[in-house]
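Undergrad: File name input_39.tsv; file contents TSV, C-alpha atoms and all ligand atoms; full text below.
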chain	number	residue	atom	x	y	z
L	530	MET	CA	92.45	91.79	60.38
L	531	ARG	CA	94.54	94.43	62.23
L	532	ILE	CA	92.88	95.29	65.53
L	533	LEU	CA	93.69	98.02	68.06
L	534	VAL	CA	92.49	97.72	71.66
L	535	THR	CA	92.75	100.99	73.58
L	536	GLY	CA	92.53	100.86	77.36
L	537	ALA	CA	94.21	97.47	77.04
L	538	THR	CA	95.58	97.53	80.61
L	539	GLY	CA	92.12	98.14	82.10
L	540	GLN	CA	89.54	95.71	83.49
L	541	ILE	CA	87.77	94.85	80.19
L	542	GLY	CA	90.56	95.81	77.78
L	543	SER	CA	93.16	93.49	79.30
L	544	GLU	CA	90.95	90.41	79.01
L	545	LEU	CA	89.40	91.43	75.68
L	546	THR	CA	92.89	91.70	74.18
L	547	LEU	CA	93.67	88.08	75.15
L	548	VAL	CA	90.39	86.79	73.72
L	549	LEU	CA	90.89	88.70	70.47
L	550	ARG	CA	94.44	87.36	70.17
L	551	GLU	CA	93.20	83.80	70.60
L	552	ARG	CA	90.63	84.45	67.88
L	553	TYR	CA	92.65	86.46	65.36
L	554	GLY	CA	96.28	85.79	66.23
L	555	GLY	CA	98.64	87.49	68.68
L	556	ASP	CA	100.31	89.84	66.22
L	557	ALA	CA	96.98	90.93	64.71
L	558	VAL	CA	95.92	92.64	67.95
L	559	ILE	CA	97.80	95.76	69.08
L	560	ALA	CA	97.28	96.48	72.78
L	561	ALA	CA	97.52	100.15	73.73
L	562	GLY	CA	97.45	101.53	77.26
L	563	HIS	CA	98.64	104.47	79.33
L	564	ARG	CA	100.11	102.09	81.91
L	565	LYS	CA	102.47	99.14	81.52
L	566	PRO	CA	100.73	95.75	81.00
L	567	ALA	CA	99.85	94.26	84.38
L	568	SER	CA	99.79	90.62	83.36
L	569	ALA	CA	102.60	88.61	81.81
L	570	ALA	CA	100.04	87.09	79.44
L	571	LEU	CA	99.13	90.50	78.07
L	572	ALA	CA	102.76	91.59	77.72
L	573	SER	CA	103.94	88.36	76.08
L	574	SER	CA	101.00	87.50	73.79
L	575	GLY	CA	101.44	90.28	71.25
L	576	PRO	CA	102.43	93.91	70.56
L	577	PHE	CA	101.91	96.58	73.24
L	578	VAL	CA	102.22	100.34	72.77
L	579	SER	CA	102.03	103.08	75.37
L	580	LEU	CA	99.27	105.51	74.37
L	581	ASP	CA	97.19	108.39	75.72
L	582	VAL	CA	94.14	108.52	73.43
L	583	ALA	CA	93.72	112.22	74.25
L	584	ASN	CA	96.92	112.78	72.22
L	585	ARG	CA	95.67	112.72	68.63
L	586	ASP	CA	99.11	112.63	67.00
L	587	ALA	CA	100.11	109.63	69.11
L	588	LEU	CA	96.85	107.83	68.25
L	589	ALA	CA	97.30	108.67	64.55
L	590	ARG	CA	100.82	107.22	64.62
L	591	VAL	CA	99.64	103.91	66.13
L	592	ILE	CA	96.80	103.60	63.59
L	593	ARG	CA	99.13	104.40	60.69
L	594	GLU	CA	102.15	102.33	61.75
L	595	HIS	CA	100.08	99.22	62.48
L	596	GLY	CA	97.60	99.49	59.61
L	597	ILE	CA	94.65	99.35	62.02
L	598	GLU	CA	91.28	98.32	60.52
L	599	THR	CA	89.19	97.65	63.64
L	600	VAL	CA	89.26	99.40	67.02
L	601	TYR	CA	87.89	98.25	70.36
L	602	HIS	CA	87.97	101.58	72.21
L	603	LEU	CA	88.07	100.70	75.91
L	604	ALA	CA	90.11	103.70	77.12
L	605	ALA	CA	88.04	105.58	79.72
L	606	VAL	CA	88.10	107.22	83.14
L	607	LEU	CA	85.35	105.49	85.17
L	608	SER	CA	82.60	107.02	87.27
L	609	ALA	CA	84.16	107.40	90.72
L	610	THR	CA	87.53	108.63	89.46
L	611	GLY	CA	85.65	110.81	86.98
L	612	GLU	CA	83.90	112.62	89.85
L	613	GLN	CA	87.27	113.32	91.46
L	614	HIS	CA	88.89	114.44	88.17
L	615	PRO	CA	86.04	115.53	85.84
L	616	GLN	CA	88.25	117.48	83.42
L	617	ARG	CA	90.51	114.47	82.85
L	618	ALA	CA	87.42	112.27	82.42
L	619	TRP	CA	86.15	114.62	79.68
L	620	ASP	CA	89.57	114.74	78.01
L	621	VAL	CA	90.07	110.97	77.89
L	622	ASN	CA	86.45	109.88	77.37
L	623	VAL	CA	85.28	112.55	74.90
L	624	ASN	CA	88.37	114.06	73.27
L	625	GLY	CA	89.90	110.58	73.07
L	626	LEU	CA	86.80	109.26	71.29
L	627	TYR	CA	86.60	112.36	69.06
L	628	ASN	CA	90.24	111.82	68.04
L	629	LEU	CA	89.47	108.22	67.14
L	630	LEU	CA	86.35	109.06	65.14
L	631	GLU	CA	88.15	111.79	63.18
L	632	LEU	CA	91.08	109.46	62.45
L	633	ALA	CA	88.68	106.66	61.49
L	634	ARG	CA	86.94	109.02	59.05
L	635	GLU	CA	90.29	109.98	57.48
L	636	SER	CA	92.00	106.56	57.51
L	637	GLY	CA	89.18	104.19	56.53
L	638	ILE	CA	89.00	102.21	59.77
L	639	ARG	CA	86.43	99.49	59.09
L	640	GLN	CA	84.70	99.04	62.44
L	641	ILE	CA	84.70	100.49	65.98
L	642	PHE	CA	83.44	99.01	69.26
L	643	TYR	CA	82.39	101.67	71.76
L	644	PRO	CA	81.61	100.63	75.37
L	645	SER	CA	78.89	102.83	76.80
L	646	SER	CA	77.46	102.24	80.26
L	647	ILE	CA	74.32	102.20	82.37
L	648	ALA	CA	75.85	105.43	83.67
L	649	VAL	CA	74.08	107.19	80.76
L	650	PHE	CA	70.87	106.88	82.79
L	651	GLY	CA	70.04	109.19	85.68
L	652	PRO	CA	67.47	110.03	88.38
L	653	ARG	CA	64.73	110.82	85.82
L	654	THR	CA	65.13	107.46	84.08
L	655	PRO	CA	62.79	104.56	85.00
L	656	ARG	CA	64.99	102.53	87.39
L	657	ASP	CA	63.42	99.08	86.96
L	658	ARG	CA	63.76	97.31	83.60
L	659	THR	CA	65.16	100.52	82.17
L	660	PRO	CA	64.04	100.67	78.51
L	661	GLN	CA	66.34	100.81	75.47
L	662	ASP	CA	64.74	104.12	74.44
L	663	THR	CA	64.33	106.41	77.44
L	664	VAL	CA	65.52	109.55	79.19
L	665	LEU	CA	69.31	109.85	79.40
L	666	SER	CA	69.93	112.25	82.28
L	667	PRO	CA	73.23	111.36	83.95
L	668	THR	CA	74.42	113.23	87.03
L	669	THR	CA	78.08	112.17	86.76
L	670	MET	CA	80.77	113.46	84.42
L	671	TYR	CA	81.37	109.83	83.39
L	672	GLY	CA	77.70	109.51	82.44
L	673	VAL	CA	77.80	112.84	80.56
L	674	THR	CA	80.85	111.62	78.61
L	675	LYS	CA	79.11	108.35	77.74
L	676	VAL	CA	75.95	110.11	76.49
L	677	THR	CA	78.18	112.47	74.49
L	678	GLY	CA	80.03	109.45	73.14
L	679	GLU	CA	76.83	107.73	72.05
L	680	LEU	CA	75.71	110.90	70.25
L	681	LEU	CA	79.13	111.37	68.58
L	682	CYS	CA	79.09	107.75	67.41
L	683	ASP	CA	75.58	108.16	65.99
L	684	TYR	CA	76.67	111.29	64.13
L	685	TYR	CA	79.83	109.74	62.65
L	686	ALA	CA	77.90	106.64	61.61
L	687	HIS	CA	75.14	108.61	59.86
L	688	ARG	CA	77.30	111.46	58.49
L	689	PHE	CA	80.41	109.49	57.45
L	690	GLY	CA	79.18	105.89	57.23
L	691	LEU	CA	81.40	104.48	60.00
L	692	ASP	CA	80.39	101.05	61.34
L	693	ILE	CA	80.29	101.78	65.08
L	694	ARG	CA	78.67	99.41	67.58
L	695	GLY	CA	78.33	99.75	71.33
L	696	LEU	CA	76.99	98.28	74.55
L	697	ARG	CA	75.67	100.01	77.68
L	698	TYR	CA	77.58	97.75	80.04
L	699	PRO	CA	76.44	97.27	83.66
L	700	GLY	CA	78.95	96.72	86.43
L	701	ILE	CA	81.51	94.14	85.27
L	702	ILE	CA	82.87	91.59	87.73
L	703	SER	CA	86.23	89.96	87.07
L	704	SER	CA	89.24	88.54	88.86
L	705	GLU	CA	92.20	89.43	86.62
L	706	THR	CA	92.69	93.16	87.29
L	707	PRO	CA	92.32	95.33	90.40
L	708	PRO	CA	89.12	97.46	90.54
L	709	GLY	CA	89.61	100.49	88.31
L	710	GLY	CA	87.89	103.48	89.91
L	711	GLY	CA	84.28	102.56	89.25
L	712	THR	CA	81.23	102.81	91.48
L	713	THR	CA	80.64	99.08	91.05
L	714	ASP	CA	84.11	98.25	92.37
L	715	TYR	CA	82.58	96.95	95.62
L	716	ALA	CA	81.23	93.93	93.71
L	717	VAL	CA	84.82	93.02	92.81
L	718	GLU	CA	86.58	94.14	96.00
L	719	MET	CA	84.29	92.07	98.24
L	720	PHE	CA	85.76	88.78	97.06
L	721	TYR	CA	89.33	89.55	98.17
L	722	PRO	CA	88.87	89.75	101.97
L	723	ALA	CA	86.39	86.87	101.66
L	724	VAL	CA	89.06	84.47	100.35
L	725	GLU	CA	91.40	85.71	103.11
L	726	GLY	CA	88.79	85.07	105.80
L	727	LYS	CA	88.62	88.79	106.60
L	728	PRO	CA	85.64	91.20	106.81
L	729	TYR	CA	84.89	93.76	104.07
L	730	THR	CA	83.79	97.38	104.48
L	731	CYS	CA	81.38	98.08	101.61
L	732	PHE	CA	81.07	101.67	100.36
L	733	VAL	CA	77.38	101.40	99.40
L	734	ARG	CA	74.31	100.46	101.47
L	735	GLU	CA	73.35	96.81	101.87
L	736	ASP	CA	70.14	97.35	99.87
L	737	THR	CA	71.90	98.99	96.88
L	738	MET	CA	70.85	97.06	93.79
L	739	LEU	CA	72.68	97.47	90.47
L	740	PRO	CA	72.77	95.57	87.15
L	741	MET	CA	75.91	93.44	86.85
L	742	MET	CA	77.67	91.02	84.49
L	743	PHE	CA	80.49	88.50	84.79
L	744	MET	CA	83.51	89.13	82.55
L	745	PRO	CA	83.07	86.08	80.23
L	746	ASP	CA	79.61	87.36	79.27
L	747	CYS	CA	81.00	90.90	78.85
L	748	LEU	CA	83.62	89.70	76.38
L	749	GLN	CA	81.30	87.36	74.45
L	750	ALA	CA	78.76	90.16	74.04
L	751	ALA	CA	81.36	92.46	72.44
L	752	LEU	CA	82.49	89.75	70.02
L	753	ASP	CA	78.94	88.70	69.12
L	754	LEU	CA	77.80	92.28	68.51
L	755	MET	CA	80.83	93.07	66.31
L	756	GLU	CA	80.30	89.93	64.25
L	757	ALA	CA	76.51	90.29	63.93
L	758	PRO	CA	75.06	91.14	60.47
L	759	GLY	CA	74.71	94.93	60.41
L	760	ALA	CA	71.29	94.70	58.77
L	761	LYS	CA	69.88	93.10	61.94
L	762	LEU	CA	70.95	95.94	64.23
L	763	ARG	CA	68.20	98.44	65.00
L	764	TYR	CA	70.39	100.34	67.48
L	765	ARG	CA	73.99	101.54	67.58
L	766	THR	CA	74.35	101.10	71.33
L	767	TYR	CA	72.41	98.36	73.13
L	768	ASN	CA	71.18	97.98	76.67
L	769	ILE	CA	72.68	94.82	78.10
L	770	SER	CA	72.75	93.08	81.47
L	771	ALA	CA	73.04	89.61	82.99
L	772	MET	CA	71.81	89.96	86.56
L	773	SER	CA	70.87	92.45	89.27
L	774	PHE	CA	71.61	92.01	92.94
L	775	THR	CA	72.04	94.04	96.10
L	776	ALA	CA	75.34	94.33	97.91
L	777	GLY	CA	73.76	92.29	100.70
L	778	GLU	CA	72.67	89.54	98.29
L	779	LEU	CA	76.23	89.32	96.96
L	780	ALA	CA	77.58	89.00	100.50
L	781	ALA	CA	75.00	86.30	101.29
L	782	GLU	CA	75.94	84.32	98.16
L	783	ILE	CA	79.62	84.52	99.08
L	784	ARG	CA	78.74	83.43	102.64
L	785	LYS	CA	77.32	80.16	101.27
L	786	HIS	CA	80.95	79.31	100.44
L	787	VAL	CA	82.74	81.33	103.13
L	788	PRO	CA	80.72	80.78	106.33
L	789	GLY	CA	80.88	83.71	108.71
L	790	PHE	CA	82.03	86.22	106.05
L	791	ARG	CA	81.18	89.64	107.49
L	792	VAL	CA	80.44	92.86	105.62
L	793	GLU	CA	80.05	96.31	107.16
L	794	TYR	CA	78.22	98.92	105.06
L	795	VAL	CA	79.70	102.42	105.25
L	796	PRO	CA	78.39	104.47	102.26
L	797	ASP	CA	80.65	107.14	100.80
L	798	PHE	CA	80.32	109.59	97.83
L	799	ARG	CA	79.75	106.65	95.52
L	800	GLN	CA	76.35	105.93	97.08
L	801	ALA	CA	74.82	108.96	95.32
L	802	ILE	CA	76.21	107.70	91.99
L	803	ALA	CA	74.79	104.22	92.55
L	804	ASP	CA	71.42	105.71	93.56
L	805	SER	CA	71.25	107.58	90.23
L	806	TRP	CA	71.61	104.37	88.17
L	807	PRO	CA	69.02	101.71	87.24
L	808	ARG	CA	68.28	98.72	89.41
L	809	SER	CA	67.61	96.52	86.37
L	810	ILE	CA	67.80	96.75	82.59
L	811	ASP	CA	65.48	95.76	79.74
L	812	ASP	CA	67.92	94.22	77.25
L	813	SER	CA	65.26	92.60	75.04
L	814	ALA	CA	66.44	94.51	71.95
L	815	ALA	CA	69.91	92.91	72.21
L	816	ARG	CA	68.34	89.47	72.70
L	817	THR	CA	66.14	89.94	69.64
L	818	ASP	CA	68.56	91.66	67.24
L	819	TRP	CA	71.81	89.71	67.77
L	820	GLY	CA	71.01	86.82	70.10
L	821	TRP	CA	72.36	88.17	73.39
L	822	LYS	CA	72.04	85.50	76.12
L	823	PRO	CA	74.12	85.69	79.31
L	824	ARG	CA	75.56	82.45	80.66
L	825	TYR	CA	76.38	83.55	84.23
L	826	GLY	CA	74.00	84.43	87.07
L	827	LEU	CA	74.94	85.32	90.64
L	828	PRO	CA	75.58	81.77	91.96
L	829	GLU	CA	77.75	80.71	89.01
L	830	MET	CA	79.74	83.96	89.04
L	831	VAL	CA	80.47	83.71	92.79
L	832	VAL	CA	81.74	80.13	92.43
L	833	GLU	CA	84.07	81.14	89.57
L	834	MET	CA	85.35	84.29	91.31
L	835	LEU	CA	86.10	82.52	94.59
L	836	ALA	CA	87.85	79.68	92.75
L	837	ALA	CA	90.02	82.08	90.71
L	838	LEU	CA	91.01	84.20	93.71
L	839	SER	CA	91.61	81.14	95.90
L	840	ARG	CA	93.98	79.78	93.27
L	841	ARG	CA	95.85	83.09	93.17
L	842	ARG	CA	96.02	83.25	96.97
L	843	ALA	CA	97.45	79.72	97.08
L	844	ALA	CA	100.08	80.84	94.56
L	845	GLY	CA	100.93	83.80	96.79
L	846	CYS	CA	99.70	86.51	94.42
L	847	LEU	CA	96.10	87.20	95.41
L	848	TYR	CA	96.15	90.91	94.53
L	849	PRO	CA	96.82	91.53	90.81
L	850	THR	CA	99.41	94.22	90.15
L	851	GLY	CA	98.77	97.11	87.83
B	1	LIG	C1	81.80	102.24	86.85
B	1	LIG	N1	82.37	99.94	86.30
B	1	LIG	O1	81.44	101.81	87.95
B	1	LIG	C2	81.93	101.21	85.73
B	1	LIG	C3	80.63	100.98	85.01
B	1	LIG	C4	78.14	100.76	85.23
B	1	LIG	C5	79.44	100.92	85.94
B	1	LIG	O2	80.44	101.89	84.00
B	1	LIG	O3	82.04	103.40	86.63
Translate this file's structure into structure tokens.
Ligand code: VAH
TA:
Amino acid sequence: MRILVTGATGQIGSELTLVLRERYGGDAVIAAGHRKPASAALASSGPFVSLDVANRDALARVIREHGIETVYHLAAVLSATGEQHPQRAWDVNVNGLYNLLELARESGIRQIFYPSSIAVFGPRTPRDRTPQDTVLSPTTMYGVTKVTGELLCDYYAHRFGLDIRGLRYPGIISSETPPGGGTTDYAVEMFYPAVEGKPYTCFVREDTMLPMMFMPDCLQAALDLMEAPGAKLRYRTYNISAMSFTAGELAAEIRKHVPGFRVEYVPDFRQAIADSWPRSIDDSAARTDWGWKPRYGLPEMVVEMLAALSRRRAAGCLYPTG
């Protein structure tokens, strides 16, 4: 199987590439990103190509030269950066996806994974246990691009028979890459000053609750969905989540391991984005159709994150480059 991962230097893409290479072989997985690989593991475990998915000719060349059959399309501008550069967010998130779908139609790509987001929901959506089928009314350009992406994927699946599968990811927490311009970045950033014994200034209110997921569950969900029997899938893009917690609850859980850890809450423009998103997600369709079952809750995730960052701090490289 010849697999392309776009956005392979990003938070999910960089770790998904490594997992796919373990599963299918290093040379079977082409990593493509618009930045240089941050980690040595990513750079040394298989092929890497520099790519801007908004450039259709460049994307066509990678697909052709590497005989790509499956694409995990992680390239995207996230919500906070997307509000600062909405035109670029549209270009990467929508034109990039459109380029891929058109090339998939022409070149017989077998399967596509498309990461949507809880950002497709908005102020008119029920915020607690947000249903699989409900109002999609995003108020961010990122959310608009993800709704557009879901609709484009539905069209190309029905009109041209492409096998496209997606997940409406919540905030993803991981230790291997720096936060990438998302509204949920606070849930990653908070761990760094904690392991250094310093305070953290959080850019959302203490009572801000959002759905979240630890990276191992994020990666397993993508693999399980892509390998599920298509006949069992009632939806193209599934709601999915593992836990919900407030910024204050995260700080309190960290404080169980880092006594005295202090957080100051100073909301910025990202508060309005967070307030437009659900507090919790109904992901029962994913659990029923393809066996989704998260392994990490808040306590387990905090233990793993603190251990990973403490190891990196001891090695003198706490902050990942890239
Ligand atoms: C963001 N991490 O904050 C992404 C994600 C649900 C949030 O889509 O933009």
Undergrad: Can you tell me, as a list in words, which residues sit within 9 Å of (77.2, 85.5, 76.0) in the file's frame, using all atoms listed in the file?
TA: Pro745, Asp746, Cys747, Leu748, Gln749, Ala750, Ala751, Asp753, Gly820, Trp821, Lys822, Pro823, Arg824 and Tyr825 of chain L
Undergrad: What gap, in Å, lies between CA of Leu629 in chain L and CA of Val676 in chain L?
TA: 16.5 Å
Undergrad: Name all residues at most 9 Å from range 655-657 of chain L (count all atoms listed in the file; drop same-chain ones fewer than 3 positions away) and give them as an NGL selection string.
TA: :L and (650-652 or 660 or 663-664 or 805-811)
Undergrad: How would you report the residues lying within 10 Å of ligand LIG 1 (chain B), as a PyMOL selection string, if you count all atoms listed in the file?
TA: chain L and resi 540-541+605-612+644-650+669+671-672+675+697-702+708-717+739-742+799+802-803+806-807
Undergrad: Given the choices L:Ala801, L:Ile559, L:Met744, L:Ala589, which gets closest to Glu705 in chain L if the distance is worked out from all atoms listed in the file?
TA: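 Closest to Glu705 in chain L of all the choices is L:Met744.
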Undergrad: Could you list, as a list in words, every residue within 8 Å of range 779-795 of chain L, counting only C-alpha atoms and ignoring same-chain residues fewer than 2 positions away?
TA: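 That gives Ala716, Met719, Phe720, Ala723, Val724, Gly726, Lys727, Pro728, Tyr729, Thr730, Cys731, Phe732, Val733, Arg734, Glu735, Phe774, Thr775, Ala776, Gly777, Asp797, Leu827, Pro828 and Val831 of chain L.
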Undergrad: Per residue of range 544-614 of chain L within 10 Å of range 679-696 of chain L, record the nearest atom pair and its distance in Å to one decimal, counting all atoms listed in the file, with rows in chain order and ascending residue number, as JSON lines.
TA:
{"residue": "L:Thr599", "atom": "CA", "partner": "L:Asp692", "partner_atom": "CA", "distance": 9.7}
{"residue": "L:Val600", "atom": "CA", "partner": "L:Ile693", "partner_atom": "CA", "distance": 9.5}
{"residue": "L:Tyr601", "atom": "CA", "partner": "L:Arg694", "partner_atom": "CA", "distance": 9.7}
{"residue": "L:His602", "atom": "CA", "partner": "L:Gly695", "partner_atom": "CA", "distance": 9.9}
Undergrad: Determine the nearest neighbour of Ser543 in chain L from the options L:Pro566, L:Gly625, L:Gly555, L:Pro707, counting only C-alpha atoms.
TA: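 For Ser543 in chain L, the nearest of the given residues is L:Pro566.
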Undergrad: Would you pick out the contacts of Ala815 in chain L at 10 Å or less, using all atoms listed in the file, so that residues sharing its chain but fewer than 2 positions from it are not included, and give the list as a PDB file with C-alpha atoms, keeping the file's coordinate frame?
TA:
ATOM      1  CA  GLN L 661      66.340 100.810  75.470  1.00  0.00           C
ATOM      2  CA  LEU L 696      76.990  98.280  74.550  1.00  0.00           C
ATOM      3  CA  ALA L 750      78.760  90.160  74.040  1.00  0.00           C
ATOM      4  CA  LEU L 754      77.800  92.280  68.510  1.00  0.00           C
ATOM      5  CA  LEU L 762      70.950  95.940  64.230  1.00  0.00           C
ATOM      6  CA  ARG L 763      68.200  98.440  65.000  1.00  0.00           C
ATOM      7  CA  TYR L 764      70.390 100.340  67.480  1.00  0.00           C
ATOM      8  CA  THR L 766      74.350 101.100  71.330  1.00  0.00           C
ATOM      9  CA  TYR L 767      72.410  98.360  73.130  1.00  0.00           C
ATOM     10  CA  ASN L 768      71.180  97.980  76.670  1.00  0.00           C
ATOM     11  CA  ILE L 769      72.680  94.820  78.100  1.00  0.00           C
ATOM     12  CA  SER L 770      72.750  93.080  81.470  1.00  0.00           C
ATOM     13  CA  ASP L 811      65.480  95.760  79.740  1.00  0.00           C
ATOM     14  CA  ASP L 812      67.920  94.220  77.250  1.00  0.00           C
ATOM     15  CA  SER L 813      65.260  92.600  75.040  1.00  0.00           C
ATOM     16  CA  THR L 817      66.140  89.940  69.640  1.00  0.00           C
ATOM     17  CA  ASP L 818      68.560  91.660  67.240  1.00  0.00           C
ATOM     18  CA  TRP L 819      71.810  89.710  67.770  1.00  0.00           C
ATOM     19  CA  GLY L 820      71.010  86.820  70.100  1.00  0.00           C
ATOM     20  CA  TRP L 821      72.360  88.170  73.390  1.00  0.00           C
ATOM     21  CA  LYS L 822      72.040  85.500  76.120  1.00  0.00           C
TER      22      LYS L 822
END
Undergrad: Would you list the contacts of Asp586 in chain L as a list in words, taking every protein, DNA or RNA residue within 9 Å and counting only C-alpha atoms, but skipping same-chain residues closer than 4 positions in sequence?
TA: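 Using only C-alpha atoms, the neighbours found are Arg590, Val591 and Asn628 of chain L.
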Undergrad: Separation of CA of Leu847 in chain L and CA of Pro722 in chain L, in Å?
TA: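 CA of Leu847 in chain L sits 10.1 Å away from CA of Pro722 in chain L.
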Undergrad: For a test of reading the model, state the distance in Å between CA of Thr674 in chain L and CA of Asp804 in chain L, rounded to one decimal.
TA: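 Answer for the CA of Thr674 in chain L to CA of Asp804 in chain L separation: 18.6 Å.
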Undergrad: From the set L:Leu545, L:Ala561, L:Ala572, L:Ala843, which residue has the shortest atom-to-atom contact distance to Glu725 in chain L, counting all atoms listed in the file?
TA: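 Of L:Leu545, L:Ala561, L:Ala572, L:Ala843, the one nearest Glu725 in chain L is L:Ala843, counting all atoms listed in the file.
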Undergrad: Pick the closest to Leu632 in chain L from L:Ser666, L:Gln616, L:Thr706, L:Asn584: which is it, counting all atoms listed in the file?
TA: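 Smallest separation from Leu632 in chain L among the options: L:Asn584.
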Undergrad: When you count only C-alpha atoms, which of these residues is closest to Arg653 in chain L: L:Leu580, L:Ile641, L:Thr668, L:Pro849?
TA: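 Among L:Leu580, L:Ile641, L:Thr668, L:Pro849, it is L:Thr668 that comes nearest to Arg653 in chain L.
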Undergrad: What lies within 6 Å of Gly536 in chain L using all atoms listed in the file, ignoring chain neighbours under 4 positions off, as a PyMOL selection string?
TA: chain L and resi 542+562+603-604
Undergrad: Restricting the calculation to only C-alpha atoms, which member of L:Ala583, L:Ala837, L:Leu549, L:Ala814 is positioned closest to Thr659 in chain L?
TA: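 The shortest atom-to-atom distance to Thr659 in chain L comes from L:Ala814.
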Undergrad: Kindly provide, as JSON, the centre and edge lengths (Å, one decimal) of an axis-aligned box around all atoms of range 736-746 of chain L given in the file, with 8 Å on each side.
TA:
{"center_x": 76.8, "center_y": 92.5, "center_z": 89.6, "size_x": 29.4, "size_y": 28.9, "size_z": 36.6}
Undergrad: Could all heavy atoms be built for range 810-815 of chain L and written out as a PDB file, in the coordinates of the input?
TA:
ATOM      1  N   ILE L 810      67.742  96.276  83.983  1.00  0.00           N
ATOM      2  CA  ILE L 810      67.800  96.750  82.590  1.00  0.00           C
ATOM      3  C   ILE L 810      66.924  95.872  81.696  1.00  0.00           C
ATOM      4  O   ILE L 810      66.945  94.637  81.827  1.00  0.00           O
ATOM      5  CB  ILE L 810      69.263  96.681  82.078  1.00  0.00           C
ATOM      6  CG1 ILE L 810      70.159  97.615  82.902  1.00  0.00           C
ATOM      7  CG2 ILE L 810      69.354  96.989  80.580  1.00  0.00           C
ATOM      8  CD1 ILE L 810      69.933  99.088  82.679  1.00  0.00           C
ATOM      9  N   ASP L 811      66.191  96.495  80.798  1.00  0.00           N
ATOM     10  CA  ASP L 811      65.480  95.760  79.740  1.00  0.00           C
ATOM     11  C   ASP L 811      66.451  95.628  78.564  1.00  0.00           C
ATOM     12  O   ASP L 811      66.749  96.612  77.891  1.00  0.00           O
ATOM     13  CB  ASP L 811      64.229  96.530  79.316  1.00  0.00           C
ATOM     14  CG  ASP L 811      63.547  95.887  78.097  1.00  0.00           C
ATOM     15  OD1 ASP L 811      64.065  94.851  77.609  1.00  0.00           O
ATOM     16  OD2 ASP L 811      62.529  96.428  77.640  1.00  0.00           O
ATOM     17  N   ASP L 812      66.976  94.429  78.346  1.00  0.00           N
ATOM     18  CA  ASP L 812      67.920  94.220  77.250  1.00  0.00           C
ATOM     19  C   ASP L 812      67.297  93.351  76.151  1.00  0.00           C
ATOM     20  O   ASP L 812      67.996  92.639  75.415  1.00  0.00           O
ATOM     21  CB  ASP L 812      69.237  93.623  77.731  1.00  0.00           C
ATOM     22  CG  ASP L 812      69.083  92.277  78.445  1.00  0.00           C
ATOM     23  OD1 ASP L 812      67.944  91.735  78.447  1.00  0.00           O
ATOM     24  OD2 ASP L 812      70.090  91.778  78.980  1.00  0.00           O
ATOM     25  N   SER L 813      65.965  93.449  76.015  1.00  0.00           N
ATOM     26  CA  SER L 813      65.260  92.600  75.040  1.00  0.00           C
ATOM     27  C   SER L 813      65.672  92.912  73.596  1.00  0.00           C
ATOM     28  O   SER L 813      65.713  92.011  72.747  1.00  0.00           O
ATOM     29  CB  SER L 813      63.755  92.754  75.196  1.00  0.00           C
ATOM     30  OG  SER L 813      63.392  94.126  75.129  1.00  0.00           O
ATOM     31  N   ALA L 814      66.030  94.164  73.322  1.00  0.00           N
ATOM     32  CA  ALA L 814      66.440  94.510  71.950  1.00  0.00           C
ATOM     33  C   ALA L 814      67.714  93.753  71.571  1.00  0.00           C
ATOM     34  O   ALA L 814      67.835  93.209  70.458  1.00  0.00           O
ATOM     35  CB  ALA L 814      66.659  96.019  71.820  1.00  0.00           C
ATOM     36  N   ALA L 815      68.657  93.649  72.497  1.00  0.00           N
ATOM     37  CA  ALA L 815      69.910  92.910  72.210  1.00  0.00           C
ATOM     38  C   ALA L 815      69.608  91.424  72.020  1.00  0.00           C
ATOM     39  O   ALA L 815      70.169  90.764  71.143  1.00  0.00           O
ATOM     40  CB  ALA L 815      70.897  93.104  73.355  1.00  0.00           C
TER      41      ALA L 815
END
